[in-house]
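What's in query-v5.pdb: PDB, C-alpha atoms, pLDDT in the B column
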```
ATOM      1  CA  MET A1309    -229.411-116.686 324.201  1.00 92.00           C
ATOM      2  CA  LYS A1310    -232.789-116.115 325.840  1.00 95.00           C
ATOM      3  CA  TYR A1311    -235.175-113.260 325.013  1.00 97.00           C
ATOM      4  CA  GLN A1312    -238.319-111.853 326.608  1.00 97.00           C
ATOM      5  CA  VAL A1313    -241.093-111.247 324.083  1.00 98.00           C
ATOM      6  CA  THR A1314    -244.199-109.091 324.483  1.00 98.00           C
ATOM      7  CA  ILE A1315    -246.707-109.048 321.624  1.00 98.00           C
ATOM      8  CA  ASN A1316    -248.091-105.529 321.206  1.00 98.00           C
ATOM      9  CA  ASN A1317    -250.234-105.722 318.086  1.00 98.00           C
ATOM     10  CA  ILE A1318    -251.253-108.151 315.337  1.00 97.00           C
ATOM     11  CA  GLN A1319    -252.901-106.949 312.153  1.00 97.00           C
ATOM     12  CA  THR A1320    -253.948-108.556 308.891  1.00 97.00           C
ATOM     13  CA  ILE A1321    -253.539-106.426 305.757  1.00 97.00           C
ATOM     14  CA  GLU A1322    -254.312-106.827 302.064  1.00 96.00           C
ATOM     15  CA  GLU A1323    -251.767-104.309 300.813  1.00 94.00           C
ATOM     16  CA  SER A1324    -248.757-102.306 301.884  1.00 90.00           C
ATOM     17  CA  ASN A1325    -249.128 -98.552 301.425  1.00 85.00           C
ATOM     18  CA  THR A1326    -245.396 -98.121 300.953  1.00 87.00           C
ATOM     19  CA  TYR A1327    -244.409-100.919 298.547  1.00 94.00           C
ATOM     20  CA  TRP A1328    -245.184 -99.180 295.243  1.00 95.00           C
ATOM     21  CA  SER A1329    -243.381 -95.854 294.915  1.00 94.00           C
ATOM     22  CA  THR A1330    -244.377 -92.823 292.857  1.00 93.00           C
ATOM     23  CA  GLU A1331    -241.645 -93.806 290.410  1.00 93.00           C
ATOM     24  CA  ASP A1332    -243.145 -97.302 290.142  1.00 96.00           C
ATOM     25  CA  TYR A1333    -246.585 -95.922 289.311  1.00 95.00           C
ATOM     26  CA  VAL A1334    -245.195 -93.576 286.666  1.00 94.00           C
ATOM     27  CA  ALA A1335    -243.083 -96.336 285.100  1.00 95.00           C
ATOM     28  CA  LEU A1336    -245.998 -98.797 285.126  1.00 96.00           C
ATOM     29  CA  LEU A1337    -248.315 -96.257 283.510  1.00 95.00           C
ATOM     30  CA  ALA A1338    -245.783 -96.033 280.685  1.00 95.00           C
ATOM     31  CA  GLU A1339    -245.694 -99.831 280.437  1.00 96.00           C
ATOM     32  CA  TYR A1340    -249.482 -99.877 280.105  1.00 96.00           C
ATOM     33  CA  GLY A1341    -249.499 -97.209 277.413  1.00 93.00           C
ATOM     34  CA  PHE A1342    -249.928 -94.007 279.440  1.00 88.00           C
ATOM     35  CA  PRO A1343    -246.502 -92.316 279.284  1.00 85.00           C
ATOM     36  CA  ASP A1344    -245.574 -88.939 280.742  1.00 80.00           C
ATOM     37  CA  ALA A1345    -247.866 -89.041 283.773  1.00 80.00           C
ATOM     38  CA  LYS A1346    -247.671 -85.558 285.295  1.00 77.00           C
ATOM     39  CA  SER A1347    -249.177 -86.184 288.726  1.00 77.00           C
ATOM     40  CA  ARG A1348    -246.965 -86.900 291.721  1.00 78.00           C
ATOM     41  CA  ASP A1349    -249.891 -87.897 293.922  1.00 88.00           C
ATOM     42  CA  ASN A1350    -249.839 -91.640 294.515  1.00 90.00           C
ATOM     43  CA  LYS A1351    -253.602 -91.936 294.960  1.00 91.00           C
ATOM     44  CA  GLU A1352    -254.237 -90.252 291.630  1.00 93.00           C
ATOM     45  CA  LEU A1353    -251.509 -92.241 289.888  1.00 94.00           C
ATOM     46  CA  ARG A1354    -252.952 -95.462 291.276  1.00 94.00           C
ATOM     47  CA  GLU A1355    -256.420 -94.603 289.920  1.00 93.00           C
ATOM     48  CA  LEU A1356    -254.922 -93.822 286.515  1.00 93.00           C
ATOM     49  CA  LEU A1357    -252.983 -97.082 286.617  1.00 96.00           C
ATOM     50  CA  PHE A1358    -256.152 -99.072 287.336  1.00 96.00           C
ATOM     51  CA  MET A1359    -257.810 -97.440 284.334  1.00 94.00           C
ATOM     52  CA  ALA A1360    -254.823 -98.277 282.152  1.00 95.00           C
ATOM     53  CA  ILE A1361    -254.706-101.870 283.379  1.00 96.00           C
ATOM     54  CA  SER A1362    -258.399-102.378 282.646  1.00 93.00           C
ATOM     55  CA  ASP A1363    -257.702-101.963 278.909  1.00 94.00           C
ATOM     56  CA  TYR A1364    -255.892-105.314 278.991  1.00 97.00           C
ATOM     57  CA  ALA A1365    -257.066-108.867 279.507  1.00 97.00           C
ATOM     58  CA  PRO A1366    -256.185-109.934 283.079  1.00 97.00           C
ATOM     59  CA  ASN A1367    -253.407-112.355 282.111  1.00 96.00           C
ATOM     60  CA  GLU A1368    -251.916-109.802 279.702  1.00 97.00           C
ATOM     61  CA  ALA A1369    -251.894-107.179 282.448  1.00 98.00           C
ATOM     62  CA  ALA A1370    -250.233-109.683 284.770  1.00 98.00           C
ATOM     63  CA  VAL A1371    -247.471-110.358 282.233  1.00 98.00           C
ATOM     64  CA  ILE A1372    -246.683-106.633 282.023  1.00 98.00           C
ATOM     65  CA  LEU A1373    -246.611-106.203 285.786  1.00 98.00           C
ATOM     66  CA  LEU A1374    -244.562-109.344 286.455  1.00 98.00           C
ATOM     67  CA  THR A1375    -242.100-108.439 283.703  1.00 98.00           C
ATOM     68  CA  TYR A1376    -241.653-104.986 285.237  1.00 98.00           C
ATOM     69  CA  LYS A1377    -241.054-106.380 288.712  1.00 98.00           C
ATOM     70  CA  LEU A1378    -239.445-109.791 288.204  1.00 98.00           C
ATOM     71  CA  SER A1379    -237.840-109.971 284.764  1.00 97.00           C
ATOM     72  CA  GLU A1380    -234.422-110.458 286.381  1.00 97.00           C
ATOM     73  CA  GLU A1381    -235.697-113.384 288.470  1.00 97.00           C
ATOM     74  CA  LEU A1382    -238.040-115.153 286.046  1.00 98.00           C
ATOM     75  CA  SER A1383    -237.897-116.174 282.384  1.00 98.00           C
ATOM     76  CA  GLU A1384    -240.556-115.136 279.870  1.00 97.00           C
ATOM     77  CA  GLY A1385    -241.997-118.644 280.003  1.00 98.00           C
ATOM     78  CA  GLN A1386    -242.215-118.592 283.799  1.00 98.00           C
ATOM     79  CA  ILE A1387    -243.896-115.194 283.739  1.00 98.00           C
ATOM     80  CA  GLU A1388    -246.416-116.393 281.169  1.00 98.00           C
ATOM     81  CA  GLN A1389    -247.226-119.448 283.288  1.00 98.00           C
ATOM     82  CA  ILE A1390    -247.597-117.436 286.492  1.00 98.00           C
ATOM     83  CA  SER A1391    -249.793-114.851 284.763  1.00 97.00           C
ATOM     84  CA  ASN A1392    -252.314-117.596 284.004  1.00 97.00           C
ATOM     85  CA  ASP A1393    -251.968-119.394 287.330  1.00 97.00           C
ATOM     86  CA  MET A1394    -252.552-116.155 289.266  1.00 97.00           C
ATOM     87  CA  LEU A1395    -256.156-116.055 288.114  1.00 96.00           C
ATOM     88  CA  LEU A1396    -256.852-119.430 289.704  1.00 96.00           C
ATOM     89  CA  ASP A1397    -254.575-119.765 292.731  1.00 96.00           C
ATOM     90  CA  LYS A1398    -252.612-117.738 295.258  1.00 97.00           C
ATOM     91  CA  VAL A1399    -249.289-118.170 293.483  1.00 97.00           C
ATOM     92  CA  CYS A1400    -247.709-115.776 295.988  1.00 97.00           C
ATOM     93  CA  GLU A1401    -248.239-118.447 298.652  1.00 97.00           C
ATOM     94  CA  GLU A1402    -247.492-121.556 296.600  1.00 94.00           C
ATOM     95  CA  TYR A1403    -244.517-120.587 294.432  1.00 97.00           C
ATOM     96  CA  PRO A1404    -241.539-122.845 295.293  1.00 96.00           C
ATOM     97  CA  VAL A1405    -239.018-119.978 295.447  1.00 97.00           C
ATOM     98  CA  ILE A1406    -239.838-118.453 298.827  1.00 98.00           C
ATOM     99  CA  LYS A1407    -237.874-115.247 298.266  1.00 97.00           C
ATOM    100  CA  LEU A1408    -240.331-114.363 295.473  1.00 98.00           C
ATOM    101  CA  HIS A1409    -243.424-114.637 297.684  1.00 98.00           C
ATOM    102  CA  ALA A1410    -243.301-110.969 298.709  1.00 98.00           C
ATOM    103  CA  PRO A1411    -243.043-109.398 295.223  1.00 98.00           C
ATOM    104  CA  LEU A1412    -245.613-111.884 293.903  1.00 98.00           C
ATOM    105  CA  PHE A1413    -247.955-110.890 296.741  1.00 98.00           C
ATOM    106  CA  HIS A1414    -247.659-107.192 295.940  1.00 98.00           C
ATOM    107  CA  CYS A1415    -248.212-107.831 292.221  1.00 98.00           C
ATOM    108  CA  ASN A1416    -251.177-110.087 292.947  1.00 98.00           C
ATOM    109  CA  GLN A1417    -252.842-107.561 295.236  1.00 97.00           C
ATOM    110  CA  LEU A1418    -252.406-104.702 292.786  1.00 97.00           C
ATOM    111  CA  LEU A1419    -254.125-106.788 290.124  1.00 98.00           C
ATOM    112  CA  HIS A1420    -256.767-108.019 292.598  1.00 97.00           C
ATOM    113  CA  HIS A1421    -257.871-104.459 293.303  1.00 96.00           C
ATOM    114  CA  ALA A1422    -257.478-103.253 289.720  1.00 96.00           C
ATOM    115  CA  TYR A1423    -259.847-105.983 288.507  1.00 96.00           C
ATOM    116  CA  ASN A1424    -262.244-105.823 291.477  1.00 93.00           C
ATOM    117  CA  GLY A1425    -261.491-109.314 292.730  1.00 91.00           C
ATOM    118  CA  LYS A1426    -260.794-111.286 289.542  1.00 95.00           C
ATOM    119  CA  PHE A1427    -257.465-112.332 291.045  1.00 97.00           C
ATOM    120  CA  PRO A1428    -257.581-114.251 294.369  1.00 97.00           C
ATOM    121  CA  ASN A1429    -257.198-112.134 297.484  1.00 97.00           C
ATOM    122  CA  ALA A1430    -254.070-112.842 299.539  1.00 97.00           C
ATOM    123  CA  LYS A1431    -253.244-111.351 302.927  1.00 97.00           C
ATOM    124  CA  ALA A1432    -250.208-110.456 304.985  1.00 98.00           C
ATOM    125  CA  LEU A1433    -249.612-110.352 308.727  1.00 98.00           C
ATOM    126  CA  VAL A1434    -248.111-107.351 310.531  1.00 98.00           C
ATOM    127  CA  LEU A1435    -246.733-108.209 313.969  1.00 98.00           C
ATOM    128  CA  LYS A1436    -245.485-105.598 316.428  1.00 98.00           C
ATOM    129  CA  CYS A1437    -243.639-106.786 319.513  1.00 98.00           C
ATOM    130  CA  LYS A1438    -241.015-105.893 322.075  1.00 98.00           C
ATOM    131  CA  ILE A1439    -237.983-108.184 322.421  1.00 98.00           C
ATOM    132  CA  THR A1440    -235.445-107.678 325.193  1.00 96.00           C
ATOM    133  CA  SER A1441    -232.331-109.538 326.321  1.00 93.00           C
ATOM    134  CA  ASP A1442    -228.842-108.982 327.678  1.00 89.00           C
ATOM    135  CA  GLU A1443    -227.574-109.121 324.100  1.00 84.00           C
ATOM    136  CA  LYS A1444    -227.514-105.742 322.375  1.00 84.00           C
ATOM    137  CA  GLY A1445    -227.832-105.240 318.641  1.00 91.00           C
ATOM    138  CA  GLU A1446    -230.408-105.585 315.902  1.00 95.00           C
ATOM    139  CA  LEU A1447    -231.940-109.008 315.324  1.00 97.00           C
ATOM    140  CA  THR A1448    -231.692-110.737 311.968  1.00 97.00           C
ATOM    141  CA  LYS A1449    -234.784-112.204 310.318  1.00 98.00           C
ATOM    142  CA  GLU A1450    -233.521-115.679 311.199  1.00 97.00           C
ATOM    143  CA  GLN A1451    -233.073-114.794 314.870  1.00 97.00           C
ATOM    144  CA  PHE A1452    -236.469-113.108 314.992  1.00 98.00           C
ATOM    145  CA  LEU A1453    -238.336-116.173 313.731  1.00 98.00           C
ATOM    146  CA  LYS A1454    -236.500-118.510 316.095  1.00 97.00           C
ATOM    147  CA  ILE A1455    -237.356-116.251 319.027  1.00 97.00           C
ATOM    148  CA  LEU A1456    -241.050-116.343 318.074  1.00 98.00           C
ATOM    149  CA  ASN A1457    -241.185-120.141 318.062  1.00 97.00           C
ATOM    150  CA  ASN A1458    -242.293-120.592 321.682  1.00 97.00           C
ATOM    151  CA  GLY A1459    -245.246-118.259 321.204  1.00 97.00           C
ATOM    152  CA  LEU A1460    -246.645-120.062 318.163  1.00 97.00           C
ATOM    153  CA  ALA A1461    -249.215-122.863 318.036  1.00 97.00           C
ATOM    154  CA  GLU A1462    -247.847-126.258 317.056  1.00 96.00           C
ATOM    155  CA  ALA A1463    -250.073-126.272 313.954  1.00 95.00           C
ATOM    156  CA  THR A1464    -248.471-123.087 312.599  1.00 96.00           C
ATOM    157  CA  LEU A1465    -247.225-123.876 309.102  1.00 96.00           C
ATOM    158  CA  ILE A1466    -243.801-122.367 309.640  1.00 96.00           C
ATOM    159  CA  LYS A1467    -243.283-124.617 312.684  1.00 95.00           C
ATOM    160  CA  ARG A1468    -244.418-127.718 310.834  1.00 96.00           C
ATOM    161  CA  LEU A1469    -242.274-127.131 307.742  1.00 97.00           C
ATOM    162  CA  PHE A1470    -239.195-125.706 309.438  1.00 97.00           C
ATOM    163  CA  ASP A1471    -239.091-127.451 312.799  1.00 96.00           C
ATOM    164  CA  GLU A1472    -235.335-128.044 312.799  1.00 96.00           C
ATOM    165  CA  PRO A1473    -234.151-124.520 311.935  1.00 96.00           C
ATOM    166  CA  MET A1474    -236.818-122.983 314.197  1.00 96.00           C
ATOM    167  CA  THR A1475    -235.787-125.024 317.255  1.00 95.00           C
ATOM    168  CA  THR A1476    -232.073-125.779 316.853  1.00 95.00           C
ATOM    169  CA  ASP A1477    -228.881-123.968 315.875  1.00 94.00           C
ATOM    170  CA  ALA A1478    -229.340-125.095 312.258  1.00 95.00           C
ATOM    171  CA  PRO A1479    -229.069-122.315 309.652  1.00 95.00           C
ATOM    172  CA  PHE A1480    -232.368-120.892 308.435  1.00 97.00           C
ATOM    173  CA  PRO A1481    -231.716-119.203 305.044  1.00 97.00           C
ATOM    174  CA  ASP A1482    -235.412-119.288 304.081  1.00 97.00           C
ATOM    175  CA  ALA A1483    -236.081-116.790 306.874  1.00 98.00           C
ATOM    176  CA  GLU A1484    -234.964-114.061 304.464  1.00 97.00           C
ATOM    177  CA  GLY A1485    -237.910-114.836 302.190  1.00 97.00           C
ATOM    178  CA  ILE A1486    -240.441-115.718 304.895  1.00 98.00           C
ATOM    179  CA  VAL A1487    -239.986-112.393 306.680  1.00 98.00           C
ATOM    180  CA  TRP A1488    -240.761-109.712 304.112  1.00 97.00           C
ATOM    181  CA  GLU A1489    -239.847-106.760 306.299  1.00 97.00           C
ATOM    182  CA  LEU A1490    -238.323-106.466 309.764  1.00 98.00           C
ATOM    183  CA  ASN A1491    -238.034-102.932 311.120  1.00 97.00           C
ATOM    184  CA  THR A1492    -236.865-101.461 314.408  1.00 97.00           C
ATOM    185  CA  VAL A1493    -235.768 -98.034 315.597  1.00 96.00           C
ATOM    186  CA  ASP A1494    -234.306 -99.077 318.944  1.00 96.00           C
ATOM    187  CA  ASN A1495    -233.369-102.787 318.623  1.00 96.00           C
ATOM    188  CA  GLU A1496    -236.192-103.656 321.045  1.00 97.00           C
ATOM    189  CA  ASN A1497    -239.478-102.718 319.400  1.00 98.00           C
ATOM    190  CA  TYR A1498    -239.922-104.614 316.144  1.00 98.00           C
ATOM    191  CA  GLU A1499    -242.427-104.658 313.305  1.00 98.00           C
ATOM    192  CA  MET A1500    -242.472-107.729 311.082  1.00 98.00           C
ATOM    193  CA  ILE A1501    -244.446-108.329 307.894  1.00 98.00           C
ATOM    194  CA  THR A1502    -244.931-111.842 306.549  1.00 98.00           C
ATOM    195  CA  SER A1503    -247.498-113.789 304.568  1.00 97.00           C
ATOM    196  CA  GLU A1504    -250.618-114.990 306.354  1.00 97.00           C
ATOM    197  CA  TYR A1505    -249.735-118.260 304.641  1.00 97.00           C
ATOM    198  CA  TRP A1506    -246.842-118.707 307.068  1.00 97.00           C
ATOM    199  CA  MET A1507    -248.425-117.232 310.173  1.00 96.00           C
ATOM    200  CA  GLU A1508    -252.012-116.263 310.975  1.00 95.00           C
ATOM    201  CA  ARG A1509    -253.026-114.090 313.913  1.00 94.00           C
ATOM    202  CA  ASN A1510    -254.584-117.116 315.671  1.00 96.00           C
ATOM    203  CA  ASP A1511    -251.247-118.921 315.420  1.00 97.00           C
ATOM    204  CA  ILE A1512    -249.801-116.530 318.019  1.00 97.00           C
ATOM    205  CA  ILE A1513    -251.044-118.073 321.233  1.00 96.00           C
ATOM    206  CA  ALA A1514    -249.114-116.150 323.898  1.00 95.00           C
ATOM    207  CA  GLY A1515    -248.971-112.441 324.629  1.00 95.00           C
ATOM    208  CA  GLU A1516    -245.749-112.800 326.605  1.00 97.00           C
ATOM    209  CA  PHE A1517    -243.203-115.599 326.465  1.00 98.00           C
ATOM    210  CA  GLU A1518    -239.527-116.447 326.544  1.00 97.00           C
ATOM    211  CA  GLY A1519    -237.820-117.093 323.231  1.00 96.00           C
ATOM    212  CA  GLU A1520    -234.438-118.607 322.579  1.00 94.00           C
ATOM    213  CA  VAL A1521    -231.791-118.642 319.888  1.00 94.00           C
ATOM    214  CA  LEU A1522    -229.395-121.547 320.273  1.00 90.00           C
ATOM    215  CA  GLU A1523    -225.777-120.671 319.612  1.00 77.00           C
ATOM    216  CA  GLU A1524    -223.939-122.765 317.042  1.00 70.00           C
ATOM    217  CA  ALA A1525    -221.643-125.199 318.817  1.00 56.00           C
TER     218      ALA A1525
END
```
Give the structure from this file in structure tokens form.
Amino acid sequence: MKYQVTINNIQTIEESNTYWSTEDYVALLAEYGFPDAKSRDNKELRELLFMAISDYAPNEAAVILLTYKLSEELSEGQIEQISNDMLLDKVCEEYPVIKLHAPLFHCNQLLHHAYNGKFPNAKALVLKCKITSDEKGELTKEQFLKILNNGLAEATLIKRLFDEPMTTDAPFPDAEGIVWELNTVDNENYEMITSEYWMERNDIIAGEFEGEVLEEA
């Protein structure tokens, strides 16, 4: 199936304004020793959280945050290791389990801002585009990435590491972790969020192009 793609906007961001909810901030304040937060204003809760975090050594604060967010995915030993590694490297880009890149990114960036840059700064890419075809229905993350292939530079990491699933009918399960969010209101105009590790703004070399998703034989 062939698709017509028009790139409308590309933006690099350091944080998502919607990832951490009011409930998250209140729960995290309790984890850091400030229970019963009364405010429901996210900006105020975030400032209080940064103050609470600053009472801890960076790796200790990371353990608390990672445990809150990923205790069902990671063991205590893994969390301890990551909490130390985060101070030196962008673990959210290098961790071997791709589906954890997004939550690790959001944890990393919260700590990066709370400690004024002590943790490395990672970035995400927000891509807005219009995709049309004779086929109706919402695209999956896998379909979306395959459609983008023809508009990406050959040096793009995602093309180099996943050439077969990007260009053939081979399954692409890692697409679920590579694409953090894929939103549409009309099944034509899409907004995708992914790590800048996978795709930088300069990797998108065409404003308009034809994409294709090969049907499984």
Residues within 10 Å of Ser1441 in chain A, only C-alpha atoms, excluding chain neighbours under 5 positions, as number ranges by chain:
A: 1309-1313, 1496, 1518-1519
Listed atoms of range 1435-1449 of chain A, axis-aligned box, 4 Å per side: centre and edge lengths to one decimal in Å, as AutoDock Vina command-line options?
```
--center_x -237.1 --center_y -108.7 --center_z 319.0 --size_x 27.2 --size_y 15.0 --size_z 25.4
```
At a cut-off of 12 Å, using only C-alpha atoms, what residues contact range 1342-1355 of chain A? Leave out same-chain residues fewer than 3 positions from it and give the result as a ChimeraX atom specification.
/A:1325-1339,1358-1363,1418-1419,1421-1423
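When only C-alpha atoms are used to measure the gap to Gly1459 in chain A, the shortest distance among A:Gly1385, A:Met1474, A:Leu1395, A:Pro1479 belongs to A:Met1474.
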Using the chain letters and residue numbers of this document, give as a CSV table (one decimal) with C-alpha atoms, in the coordinates of the input the residues selected by the PyMOL selection byres ((chain A and resi 1446-1453) around 8).
```csv
chain,number,residue,atom,x,y,z
A,1444,LYS,CA,-227.5,-105.7,322.4
A,1445,GLY,CA,-227.8,-105.2,318.6
A,1454,LYS,CA,-236.5,-118.5,316.1
A,1455,ILE,CA,-237.4,-116.3,319.0
A,1456,LEU,CA,-241.0,-116.3,318.1
A,1457,ASN,CA,-241.2,-120.1,318.1
A,1474,MET,CA,-236.8,-123.0,314.2
A,1480,PHE,CA,-232.4,-120.9,308.4
A,1481,PRO,CA,-231.7,-119.2,305.0
A,1483,ALA,CA,-236.1,-116.8,306.9
A,1484,GLU,CA,-235.0,-114.1,304.5
A,1487,VAL,CA,-240.0,-112.4,306.7
A,1490,LEU,CA,-238.3,-106.5,309.8
A,1492,THR,CA,-236.9,-101.5,314.4
A,1495,ASN,CA,-233.4,-102.8,318.6
A,1496,GLU,CA,-236.2,-103.7,321.0
A,1521,VAL,CA,-231.8,-118.6,319.9
```
Residue nearest Ile1321 in chain A among A:Leu1408, A:Thr1502, A:Val1399, A:Asp1482 (counting all atoms listed in the file)
A:Thr1502
Applying the PyMOL selection byres ((chain A and resi 1466-1473) around 9) to the file I just gave you, which residues come out? Please list them as a PyMOL selection string.
chain A and resi 1450+1454+1457+1460-1465+1474-1480+1486+1505-1507
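Here CA of Gly1485 in chain A is placed at a distance of 7.1 Å from CA of His1409 in chain A.
Of note, CA of Lys1377 in chain A and CA of Glu1323 in chain A are spaced 16.3 Å apart.
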